[in-house]
Each structure stands twice: as C-alpha cells, then as structure tokens.
2 protein chains.
Amino acid sequence: MVKLPHQLFSPLYSLLSGSYMLIHSSSQLLTLAGGPQRGRALGTLGLIEDGAVVVRDEKIVAVGTTAELKASYPGEPTLDAGGCVLMPGFVDPHTHVIWGGDRASEFEMKMAGKPYLEILAEGGGILSTVRQTRTASIETLIAQTRPRLLRMFRHGTTTAEAKTGYGLQTATELRLLKALLALDDESPLDLVMTFLGAHAIAPEYKGNPQGYTDLVCETMLPILREWWGTHAPRLSLPFVDVFCEDKAFNLEQSRQILTKARSLGFPLKIHADEFANIGGVSLAVELEAASADHLVKTSDADIAALGKSDTVAVSLPCTPFGLAECEYTPARRIIDAGGILALATDCNPGTSWNESMQFVIALACRFMKLTPAEAIAASTINSAHAIRRADTIGSIEIGKQADMLILSVPDYRHLGYRYGTNLVKHIIKRGQVYSVDVGYYRTA
Amino acid sequence: MVKLPHQLFSPLYSLLSGSYMLIHSSSQLLTLAGGPQRGRALGTLGLIEDGAVVVRDEKIVAVGTTAELKASYPGEPTLDAGGCVLMPGFVDPHTHVIWGGDRASEFEMKMAGKPYLEILAEGGGILSTVRQTRTASIETLIAQTRPRLLRMFRHGTTTAEAKTGYGLQTATELRLLKALLALDDESPLDLVMTFLGAHAIAPEYKGNPQGYTDLVCETMLPILREWWGTHAPRLSLPFVDVFCEDKAFNLEQSRQILTKARSLGFPLKIHADEFANIGGVSLAVELEAASADHLVKTSDADIAALGKSDTVAVSLPCTPFGLAECEYTPARRIIDAGGILALATDCNPGTSWNESMQFVIALACRFMKLTPAEAIAASTINSAHAIRRADTIGSIEIGKQADMLILSVPDYRHLGYRYGTNLVKHIIKRGQVYSVDVGYYRTA
C-alpha cells in the first residue's frame with residue numbers, strides 16, 4: 001500500500017512572478033462589477049458569455065471575452081474553464097470560526113427533545129464552548145480551526161471574517177486573535193478579524209452585565225488597541241462587534257461598547273434582532289457600523305433605516321435552519337426598502353456548523369426567496385462591503401485581487417438549485433490555482 | 001504549470017488478492033449489526049470504542065477492538081483510522097439519478113415567484129426532463145450521470161438504488177437501464193436498478209392514464225422481463241415502482257401495474273402519499289412491496305399497517321426541503337408504530353438535486369426529530385433492507401461486503417450536527433480504499 005502525499009494549502013499551479021495567466025472559455029463569467037448592489041439592483045451579475053480573465057501576480061489585469069483576451073495576450077499560459085462558470089470567490093462576512101471542542105452531544109440531546117434550558121442548566125450552550133476554548137492552548141485552537149478554514153476555502157470562500165468571542169476574558173480573547181493571525185498567515189484564505197469580547201456575559205459576571213460591559217470598555221478595548229499595534233501593525237484595525245439582545249447586552253450597554261470602540265478608531269459591527277427587536281439596527285445605523293447582522297425580528301422602521309444607510313444588512317440563514325426554525329430574515333422587504341443585503345454562514349459550534357457559502361445560497365433561495373443571481377451578489381460584492389474590503393475583493397475587475405472560482409457547472413443557477421455538495425472545481429486565490437475536484441487519486 | 005493527473009474511481013490503496021488489511025484505532029466503530037431496526041430499536045449502533053475491522057478480498061473477516069484484532073492478525077498491513085469514526089457505507093435506497101439536461105432556469109423562475117402551473121404550461125416540470133432525456137444518446141446519459149454517481153460515492157454512498165422513469169416510452173426506458181448497467185460496471189458504487197416506467201403519464205397519453213397504464217403492463221413489463229434476461233443475466237431482477245398519486249397513477253392503475261409486475265417475478269416499490277393519501281401504502285403492504293416511499297400525507301391507519309409489515313418506510317426529506325415546504329414524513333409516529341424506517345436522497349433534477357446522504361441525515365434530525373444514531377441506522381442497515389440487500393451490505397459484520405466509511409470526525413454525532421459539507425475521509429468499497437479528503441495537492 002502506498003500513502004498519498006498530502007499537502008494542505010499548496011497550489012496546484014504556481015504563477016511565476018511577473019508572468020501572465022489567461023483563464024478563458026468560461027461558459028459564463030460573472031464579474032459582479034460595480035456595487036454595492038443596493039435594493040433592487042441586487043443580482044446584477046455582469047455576465048459575459050465565453051468570458052476570460054487575465055491575471056498577473058496577485059491581481060486581475062484584464063477582463064473580457066475569450067476572443068478579445070486571446071488576441072491581446074497571445075501565447076500566455078492558459079487555464080481552460082470550458083463549460084464552467086467563472087466568478088469571484090465567496091466572501092463570508094460573519095463567522096465564529098475559532099473555538100475549542102464541539103457540542104455534538106448537546107445536538108443529540110436537543111434532537112431527542114431535551115429543552116434548551118435544561119441543557120444550559122447542565123452547563124451546555126455557549127458557556128460550554130467558552131470553557132472548552134479557555135482551556136485550549138493556542139496550538140490546540142489553531143489545530144482545531146485549521147480544518148474548518150480548509151473546508152471554507154474548499155467550498156469557495158476566499159476571504160472570511162472571523163470573530164473572537166468564546167474567551168470572554170482578556171487573555172483568552174487575545175489568544176484567539178493571535179491564533180487567527182497565525183491562521184491568516186499560513187493559509188491562502190484571507191481572514192478579516194473582529195473582536196467580539198461582548199459575545200455573552202462572562203460567567204464571572206453572571207447577573208452583572210453592566211460590570212462585564214465596563215470591563216469590555218475600560219479594560220479589553222484599550223488593551224486590544226495597543227496589542228493590535230504591536231502584533232499586527234501592518235493590518236488595519238479589527239472590527240468591534242456586540243451581541244445586542246435581551247439576554248446579552250441591552251441597547252445602552254451595546255451603545256457604550258460601540259461608542260467606546262469608535263472613539264478608539266475601531267470600525268463597528270452588531271448582532272441585532274436574532275431573537276427580539278431591542279433597537280440594535282438603529283444604533284448600528286446611527287454609529288455608521290459596517291454591518292448589522294442576523295436581522296430576523298427587524299421592524300419596518302428599522303428596515304426603512306437600513307434602506308437609507310450604508311450599513312450592510314447581513315443575513316445568516318443557517319442559524320434558523322440549524323435550529324429547525326421557520327423564520328428567516330425578511331430579505332425581500334430589506335431589498336424593497338433599498339438596503340444592501342449580504343449573506344454569511346455564521347459558522348459556529350452551537351447553531352450553525354456549516355462552512356459552505358453554497359449552502360447559504362441554497363437556503364436563501366428557498367426560505368428568503370432570493371433568486372440565485374441575488375444570492376450570488378449578496379455572497380460576493382455585497383459581503384465584501386460588509387467587511388469594508390470591496391476596494392480589493394468581491395468582484396472581477398481590473399486592479400482587484402485575483403480571487404476567483406471555477407465551478408464545475410455550466411450555469412450560475414446551479415448555485416441554489418443544487419445543495420448539500422460542493423460545486424467548486426478550482427479556487428484562484430491571489431493568482432494561485434488550487435484544485436478541489438481531484439476525485440480519487442492513486443499514486444501506486 | 002503542471003497539470004494534476006486525475007483518475008476518477010481509482011482506489012488509493014489496492015489490496016492484493018488473498019491478503020488481509022486491518023483497519024484499526026477508530027475512535028468509534030459503528031457496526032449496525034443485526035437488524036432490520038424496527039420501531040424503537042432504531043438507532044442501535046453496535047458501537048465499539050477503539051474498534052477495528054479486518055478485510056480480506058472484498059469481505060469483512062473480523063470485527064472487534066483494536067487490541068483484539070492486532071493480536072489475532074499481527075503484522076498485517078494496516079490503515080489507521082485514529083480519531084475517526086468507522087461505519088458502514090451509506091445505502092441510498094431511492095434515487096432518480098439518471099436523466100438528461102437540467103432545470104436550473106426553472107428553479108430560478110420558481111424562486112422569482114412564478115407559479116408552478118405556469119411553468120408546466122410552458123413545458124417545464126418533469127416533462128421537460130423527459131424531453132431532454134429522450135433526445136439524449138446513451139453516451140450523453142452516461143456522461144451526465146457519472147459525476148452525480150461520483151458525488152454520491154465521495155459523500156459516502158457505497159450502494160444506491162437508481163430508477164428509470166424519464167423515458168416514459170419503451171426504448172428510452174431500456175436505454176436508461178442499459179446506461180445504468182454500464183455505470184454500475186465502471187464505478188465502484190454499486191447500483192440496484194428499479195424500473196419506473198410508471199413515473200408519470202407519458203405525454204402521448206395525456207388525458208388517457210388508463211391507456212398508458214395498459215402500455216406499461218402489456219408491453220413494457222413483458223419486454224423488460226425478457227430484456228433483463230439477455231442484458232443482465234447474472235443480476236437479480238430490478239424492482240418495479242409506480243408513482244401512486246392523484247395526478248399520476250390512481251390506486252387501481254397502481255394495483256394493475258404492481259400486480260402484473262409481481263406476476264412476472266419483479267420485486268416491488270411504490271411512491272405513496274407525497275401530495276395526497278390515495279391508498280398506496282395499503283397496496284404496498286398487501287403486495288409485500290420492499291418499500292413504500294415519500295410518506296408525507298400518510299394516515300394513522302396506514303402507519304399502523306406499516307408497523308406490522310416488512311415493507312420499509314422510506315422517507316425522502318430532501319423533497320420538502322427542495323420545495324421549501326414544511327411538512328415532512330411523520331417519522332416518529334412510524335417509529336412508534338413499529339415500522340422499519342429508512343432514509344434516501346430522492347436525487348432528481350426537479351425537487352431534490354442533492355447526492356449526499358449526510359445532508360439527508362441533517363434534515364432528518366432537524367425536521368423529523370431523529371437522533372443522529374437513528375438517522376444513521378435509517379441510512380445504512382434499514383436502507384439496505386429497503387432494497388433487499390441486507391444480506392450483503394448495510395452493516396459491519398463478518399461475511400458482509402467490506403463497504404465502509406472513515407469519517408474525519410471523532411464522534412458519530414457530528415453527522416446531523418454539521419451540514420453542508422462532506423465529513424467522509426476514506427471510502428472502503430469491496431475492500432478497496434478510496435480517498436476523498438486529499439485537500440490541495442501540488443505536483444510541480
């Protein structure tokens with residue numbers, strides 16, 4: 001028996017510095033050029049039949065038809081995407097992808113009908129993940145998170161937001177950030193970090209949410225500001241996020257945290273309206289947050305406010321699906337109001353352990369009544385806006401990073417139509433080509 | 001740039017004839033021994049901690065703990081499943097996996113709110129697939145079906161049932177069978193064939209269902225009987241199935257078809273109670289069909305009848321999911337009545353283009369309230385019973401075919417808990433080892 005050599009994260013093709021690569025003959029090239037796609041403009045694919053793209057180093061240098069670009073770049077190395085869809089890599093703008101351990105046994109108890117409050121009383125729920133995360137070394141956290149990032153990448157996510165939030169104490173939250181910086185370094189998947197020290201009330205502050213809020217504002221955020229300057233001086237500041245819900249941080253506590261974060265220069269995000277509407281969206285719009293996320297119980301007034309703002313509405317359909325609930329983000333009303341809609345996995349160990357944006361699209365089509373084209377735009381250019389990276393990613397345009405997917409289907413509408421498997425064939429990340437669809441491979 | 005050599009369906013490891021292979025150190029070995037798992041016995045995993053299996057040629061020759069089998073088979077080649085779950089391959093007992101073309105544009109219309117009747121009036125729906133199938137050559141049908149079988153296999157299905165039914169005319173139905181026989185021959189995935197000439201009323205018989213029923217009984221079935229003896233003399237006869245619903249074949253027509261099939265020696269299946277209860281389950285039980293499938297609108301009396309019969313209740317949760325409907329098979333009532341419950345993908349181009357039994361399990365846990373253990377038993381040993389192959393597959397027992405999965409997870413409950421991706425790492429089919437989780441692979 002011969003063992004298959006196995007290198008994670010190694011590109012299939014490697015472009016030499018300064019050389020060109022022509023990717024051509026896609027049955028459909030989706031550029032998603034322009035944007036953000038606000039309101040009913042959502043779903044503008046910028047489709048080019050028999051489209052082609054030229055890449056040099058990490059960037060896109062030409063976009064057009066195969067005929068045009070073959071004429072302009074004769075003799076350059078080519079990658080044939082014949083019969084396939086060529087599109088931007090997915091941008092997943094909301095994940096809790098770093099945590100310790102799992103909650104598989106809790107899932108079984110839930111399916112067997114055990115009430116969630118009993119599970120919580122026995123130490124289950126989010127605090128179980130907090131315990132498993134606090135006791136994990138940085139090496140363990142990296143080793144457990146790596147396969148999740150690999151799954152994301154293999155399913156076509158080329159940039160993902162990644163939140164801390166299972167530490168709920170300064171040292172662990174910083175350890176999570178340190179692990180995320182290391183994972184970002186080692187993997188082709190780009191991570192955009194978010195500090196979510198305000199994910200839940202730390203167990204030490206049970207019954208004293210104000211005390212924990214003060215700790216986040218007076219201790220964690222100033223320390224984070226300084227730490228980031230030392231540990232990631234070349235990266236822009238992470239987002240600061242807060243879980244604005246009845247059982248977590250109320251509106252005033254959320255305002256206190258986000259206002260403090262803004263005063264320190266952090267860009268903002270918010271978890272709002274997952275279980276109840278307590279005003280998180282208005283706060284996000286007022287403070288010009290990059291995004292407001294979840295948005296299930298959002299009121300008409302808040303939808304109208306989103307429609308007039310640049311705060312992106314990030315919907316997380318895996319969360320109700322994961323919990324077998326029937327109520328999803330009122331996406332069509334957000335679109336009709338003129339909002340900027342994006343989609344994300346919410347990948348986390350409790351409600352939504354799914355790494356695939358393709359499955360998010362399948363849910364959004366069925367349960368939020370998006371067309372495949374709308375769901376694709378919400379997963380690329382609009383989700384790039386949700387993490388304020390649309391200047392470099394989210395569409396196929398000259399000058400942008402060469403982050404693209406070749407799907408093993410002839411028509412973009414197979415996204416949404418099909419579900420449960422992976423339609424990605426190749427991933428192009430910063431101009432390097434990675435292969436997914438290698439099938440079954442014999443070395444002997 | 002160097003191209004990756006790419007061989008579909010080639011095993012990673014190849015066992016020499018007569019030699020042993022010890023697969024060991026699984027964190028959990030699920031044997032699923034015994035069965036069928038009737039009623040509340042469902043979910044009996046036969047779990048062995050640190051379990052091991054010995055394979056010789058195509059068969060399982062020993063099952064036990066790693067310590068036991070390492071002592072009994074010292075020095076034999078080994079495959080380390082350390083930290084992984086080792087379990088039987090999935091058996092998918094209901095698929096329409098062979099068809100021509102696709103209906104991606106119809107899906108987009110549906111999501112954009114177009115009524116299904118309008119789509120039908122414009123030539124969409126099942127008859128669109130019938131048109132695309134009738135005009136496809138056998139080579140085209142094979143080429144279009146192969147990647148679907150590859151996806152099934154990659155997601156852990158080691159045996160699948162495959163129905164004809166998009167021909168609705170003798171020549172095309174036989175062409176579909178011929179293609180399926182060729183696909184069964186070329187691929188490690190074993191196919192078990194079902195003749196579903198009675199899938200819908202052929203367009204030539206619009207308004208005359210009795211005329212088409214007579215054609216199926218008097219022409220198609222006798223021709224099939226003779227054809228099978230010539231083309232597949234070594235295989236047991238295919239199942240004969242009928243779509244027993246108001247808009248397809250009524251109860252009397254279904255009885256006519258199944259009775260005729262039985263008189264010719266064919267084993268039986270039925271599609272019943274997807275949209276309305278017109279008595280299909282009672283008919284299946286009366287005629288001792290191997291299975292009754294769909295079972296959404298099934299009455300209490302029919303559930304009680306299933307509970308007393310050997311007809312397996314095959315639930316297809318992807319169908320309501322694919323259509324964004326909320327009503328699923330009343331699985332818990334079938335279990336409580338003592339029925340033999342199985343799960344299948346129903347993979348088809350209209351309602352349910354999903355090849356993964358793992359996703360079926362995720363739906364069954366959430367929307368039919370099965371535990372992961374119950375869903376696993378319904379996808380292995382019980383689904384083997386649904387296609388009458390439980391003598392050779394569906395569990396890890398001495399003498400059975402060596403069809404097994406190594407999952408990249410430490411606990412079986414990750415099935416169901418996680419969704420949207422593929423947890424299979426290696427597939428062992430008839431003793432050959434195939435690898436899925438090869439990651440990103442560089443040859444240059």
# chains A, B, ... in the order shown; residues from 1 in each chain; ligands from 1
>>> residues_around(residues="region 86-94 of chain A", least_positions_apart="6", cutoff="6 Å", atoms="only C-alpha atoms", output="list in words")
Ser26, Leu29, Leu30, Gly156, Thr157, Thr158, Thr159, Ala160, Glu161, Ala344, Asp346, Ser379, Thr380, Ser383, Ala384, Ser395, Ile396, Asp403, Met404, Leu405 and Ile406 of chain A
>>> residues_around(residues="Ser105 (chain B)", least_positions_apart="6", cutoff="10 Å", atoms="only C-alpha atoms", output="number ranges by chain")
A: 372, 411-414, 417; B: 111, 124
>>> write_last_selection(atoms="all heavy atoms", output="PDB file, in the first residue's frame")
ATOM      1  N   PRO A 372     -31.096  32.946  -7.576  1.00  0.00           N
ATOM      2  CA  PRO A 372     -29.664  32.625  -7.489  1.00  0.00           C
ATOM      3  C   PRO A 372     -28.782  33.855  -7.759  1.00  0.00           C
ATOM      4  O   PRO A 372     -27.781  34.053  -7.057  1.00  0.00           O
ATOM      5  CB  PRO A 372     -29.496  31.544  -8.564  1.00  0.00           C
ATOM      6  CG  PRO A 372     -30.830  30.857  -8.609  1.00  0.00           C
ATOM      7  CD  PRO A 372     -31.842  31.960  -8.403  1.00  0.00           C
ATOM      8  N   ASP A 411     -23.857  26.750 -15.647  1.00  0.00           N
ATOM      9  CA  ASP A 411     -24.800  27.853 -15.471  1.00  0.00           C
ATOM     10  C   ASP A 411     -24.819  28.236 -13.998  1.00  0.00           C
ATOM     11  O   ASP A 411     -24.923  27.360 -13.123  1.00  0.00           O
ATOM     12  CB  ASP A 411     -26.193  27.395 -15.935  1.00  0.00           C
ATOM     13  CG  ASP A 411     -27.211  28.525 -15.973  1.00  0.00           C
ATOM     14  OD1 ASP A 411     -27.393  29.225 -14.953  1.00  0.00           O
ATOM     15  OD2 ASP A 411     -27.835  28.708 -17.024  1.00  0.00           O
ATOM     16  N   TYR A 412     -24.720  29.554 -13.742  1.00  0.00           N
ATOM     17  CA  TYR A 412     -24.647  30.023 -12.348  1.00  0.00           C
ATOM     18  C   TYR A 412     -25.863  29.599 -11.533  1.00  0.00           C
ATOM     19  O   TYR A 412     -25.813  29.527 -10.298  1.00  0.00           O
ATOM     20  CB  TYR A 412     -24.490  31.549 -12.304  1.00  0.00           C
ATOM     21  CG  TYR A 412     -25.721  32.300 -12.732  1.00  0.00           C
ATOM     22  CD1 TYR A 412     -26.724  32.618 -11.812  1.00  0.00           C
ATOM     23  CD2 TYR A 412     -25.912  32.690 -14.055  1.00  0.00           C
ATOM     24  CE1 TYR A 412     -27.874  33.291 -12.195  1.00  0.00           C
ATOM     25  CE2 TYR A 412     -27.050  33.348 -14.446  1.00  0.00           C
ATOM     26  CZ  TYR A 412     -28.032  33.645 -13.513  1.00  0.00           C
ATOM     27  OH  TYR A 412     -29.176  34.298 -13.896  1.00  0.00           O
ATOM     28  N   ARG A 413     -26.988  29.318 -12.215  1.00  0.00           N
ATOM     29  CA  ARG A 413     -28.203  28.988 -11.478  1.00  0.00           C
ATOM     30  C   ARG A 413     -28.154  27.611 -10.821  1.00  0.00           C
ATOM     31  O   ARG A 413     -29.045  27.276 -10.041  1.00  0.00           O
ATOM     32  CB  ARG A 413     -29.416  29.130 -12.398  1.00  0.00           C
ATOM     33  CG  ARG A 413     -29.657  30.601 -12.754  1.00  0.00           C
ATOM     34  CD  ARG A 413     -30.653  30.763 -13.879  1.00  0.00           C
ATOM     35  NE  ARG A 413     -30.125  30.227 -15.124  1.00  0.00           N
ATOM     36  CZ  ARG A 413     -30.684  30.437 -16.310  1.00  0.00           C
ATOM     37  NH1 ARG A 413     -31.788  31.168 -16.413  1.00  0.00           N
ATOM     38  NH2 ARG A 413     -30.142  29.918 -17.395  1.00  0.00           N
ATOM     39  N   HIS A 414     -27.086  26.835 -11.117  1.00  0.00           N
ATOM     40  CA  HIS A 414     -26.901  25.596 -10.354  1.00  0.00           C
ATOM     41  C   HIS A 414     -26.621  25.915  -8.888  1.00  0.00           C
ATOM     42  O   HIS A 414     -26.873  25.072  -8.018  1.00  0.00           O
ATOM     43  CB  HIS A 414     -25.772  24.746 -10.943  1.00  0.00           C
ATOM     44  CG  HIS A 414     -26.184  24.016 -12.191  1.00  0.00           C
ATOM     45  ND1 HIS A 414     -26.259  22.654 -12.265  1.00  0.00           N
ATOM     46  CD2 HIS A 414     -26.580  24.474 -13.407  1.00  0.00           C
ATOM     47  CE1 HIS A 414     -26.669  22.294 -13.478  1.00  0.00           C
ATOM     48  NE2 HIS A 414     -26.860  23.379 -14.188  1.00  0.00           N
ATOM     49  N   TYR A 417     -29.997  25.954  -6.807  1.00  0.00           N
ATOM     50  CA  TYR A 417     -30.745  24.804  -7.334  1.00  0.00           C
ATOM     51  C   TYR A 417     -30.244  23.521  -6.674  1.00  0.00           C
ATOM     52  O   TYR A 417     -31.026  22.704  -6.190  1.00  0.00           O
ATOM     53  CB  TYR A 417     -30.528  24.808  -8.839  1.00  0.00           C
ATOM     54  CG  TYR A 417     -31.048  23.679  -9.681  1.00  0.00           C
ATOM     55  CD1 TYR A 417     -32.278  23.079  -9.450  1.00  0.00           C
ATOM     56  CD2 TYR A 417     -30.308  23.243 -10.787  1.00  0.00           C
ATOM     57  CE1 TYR A 417     -32.742  22.068 -10.288  1.00  0.00           C
ATOM     58  CE2 TYR A 417     -30.768  22.254 -11.625  1.00  0.00           C
ATOM     59  CZ  TYR A 417     -31.984  21.655 -11.363  1.00  0.00           C
ATOM     60  OH  TYR A 417     -32.434  20.669 -12.193  1.00  0.00           O
TER      61      TYR A 417
ATOM     62  N   MET B 111     -38.083  30.528  -7.832  1.00  0.00           N
ATOM     63  CA  MET B 111     -37.634  31.400  -6.741  1.00  0.00           C
ATOM     64  C   MET B 111     -38.097  32.836  -6.964  1.00  0.00           C
ATOM     65  O   MET B 111     -38.351  33.580  -6.035  1.00  0.00           O
ATOM     66  CB  MET B 111     -36.098  31.365  -6.591  1.00  0.00           C
ATOM     67  CG  MET B 111     -35.571  30.050  -6.085  1.00  0.00           C
ATOM     68  SD  MET B 111     -36.368  29.467  -4.546  1.00  0.00           S
ATOM     69  CE  MET B 111     -37.295  28.060  -5.144  1.00  0.00           C
ATOM     70  N   GLY B 124     -42.343  23.207 -18.763  1.00  0.00           N
ATOM     71  CA  GLY B 124     -41.384  22.895 -17.700  1.00  0.00           C
ATOM     72  C   GLY B 124     -41.821  21.676 -16.920  1.00  0.00           C
ATOM     73  O   GLY B 124     -42.683  20.914 -17.345  1.00  0.00           O
TER      74      GLY B 124
END
>>> select_by_dssp(residues="region 77-246 of chain A", states="helix (DSSP H, G or I)", output="PyMOL selection string")
chain A and resi 104-111+116-121+126-134+138-154+170-186+203-205+209-231
>>> closest_residue(among="A:Ala33, A:Met152, A:Cys84, A:Ile223", to="chain B", atoms="only C-alpha atoms")
A:Met152
>>> closest_residue(among="A:Cys326, A:Ile98, A:Phe107, A:Ile361", to="Ala373 (chain A)", atoms="only C-alpha atoms")
A:Ile361
>>> residues_around(residues="Gly322 (chain B)", least_positions_apart="4", cutoff="6 Å", atoms="only C-alpha atoms", output="list in words")
Cys318, Thr351 and Ser352 of chain B
>>> write_last_selection(atoms="N, CA and C atoms", output="short mmCIF file (atom, residue, chain, number, x, y, z; two decimals), in the first residue's frame")
data_model
loop_
_atom_site.label_atom_id
_atom_site.label_comp_id
_atom_site.auth_asym_id
_atom_site.auth_seq_id
_atom_site.Cartn_x
_atom_site.Cartn_y
_atom_site.Cartn_z
N CYS B 318 -35.33 15.43 1.52
CA CYS B 318 -34.86 16.47 0.60
C CYS B 318 -35.99 17.00 -0.28
N THR B 351 -36.97 18.45 -7.77
CA THR B 351 -37.18 18.91 -6.40
C THR B 351 -35.95 18.74 -5.52
N SER B 352 -35.01 17.92 -5.92
CA SER B 352 -34.03 17.47 -4.93
C SER B 352 -32.71 17.07 -5.58
#
>>> closest_residue(among="A:Ile303, A:Ala375, A:Val281, A:Met220", to="chain B", atoms="only C-alpha atoms")
A:Ala375
>>> select_by_dssp(residues="region 258-428 of chain A", states="strand (DSSP E or B)", output="PyMOL selection string")
chain A and resi 268-272+291-294+312-315+340-343+353+401+404-407+418+424-428
>>> residues_around(residues="Glu252 (chain A)", least_positions_apart="4", cutoff="10 Å", atoms="only C-alpha atoms", output="ChimeraX atom specification")
/A:210,213,244,256-258,279-280,283
>>> closest_residue(among="A:Leu407, A:Val55, A:Met368, A:Ile387", to="chain B", atoms="only C-alpha atoms")
A:Met368
>>> residues_around(residues="Gly39 (chain A)", least_positions_apart="6", cutoff="8 Å", atoms="only C-alpha atoms", output="list of chain:residue names")
A:Gly307, A:Ile334, A:Ile335, A:Asp336, A:Ala337, A:Gly338, A:Gly339, A:Ile340, A:Leu341
>>> residues_around(residues="region 185-187 of chain B", least_positions_apart="4", cutoff="12 Å", atoms="only C-alpha atoms", output="JSON, numbers by chain")
{"A": [440], "B": [7, 8, 9, 10, 11, 142, 143, 145, 146, 147, 148, 149, 150, 151, 152, 153, 154, 158, 159, 160, 178, 179, 180, 181, 191, 192, 232, 235, 429, 430, 434]}
>>> residues_around(residues="Pro36 (chain A)", least_positions_apart="4", cutoff="10 Å", atoms="only C-alpha atoms", output="list in words")
Leu32, Ala41, Leu42, Asp310, Val312, Gly339, Ile340, Leu341, Ala342, Ala377, Ala378, Thr380, Ile381, Asn382, Ser383, Ala384, His385, Ala386, Ala390 and Gly394 of chain A
>>> atom_distance(atom1="CA of Ile201 (chain A)", atom2="CA of Ser137 (chain A)")
22.3 Å
>>> atom_distance(atom1="CA of Lys247 (chain A)", atom2="CA of Ala200 (chain A)")
8.2 Å
>>> closest_residue(among="A:Ala171, A:Leu415, A:Ala289, A:Ala324", to="chain B", atoms="only C-alpha atoms")
A:Ala324
>>> closest_residue(among="B:Leu370, B:Leu264, B:Ala272, B:Leu423", to="chain A", atoms="only C-alpha atoms")
B:Leu370
>>> atom_distance(atom1="CA of Gln253 (chain B)", atom2="CA of Thr194 (chain B)")
18.4 Å
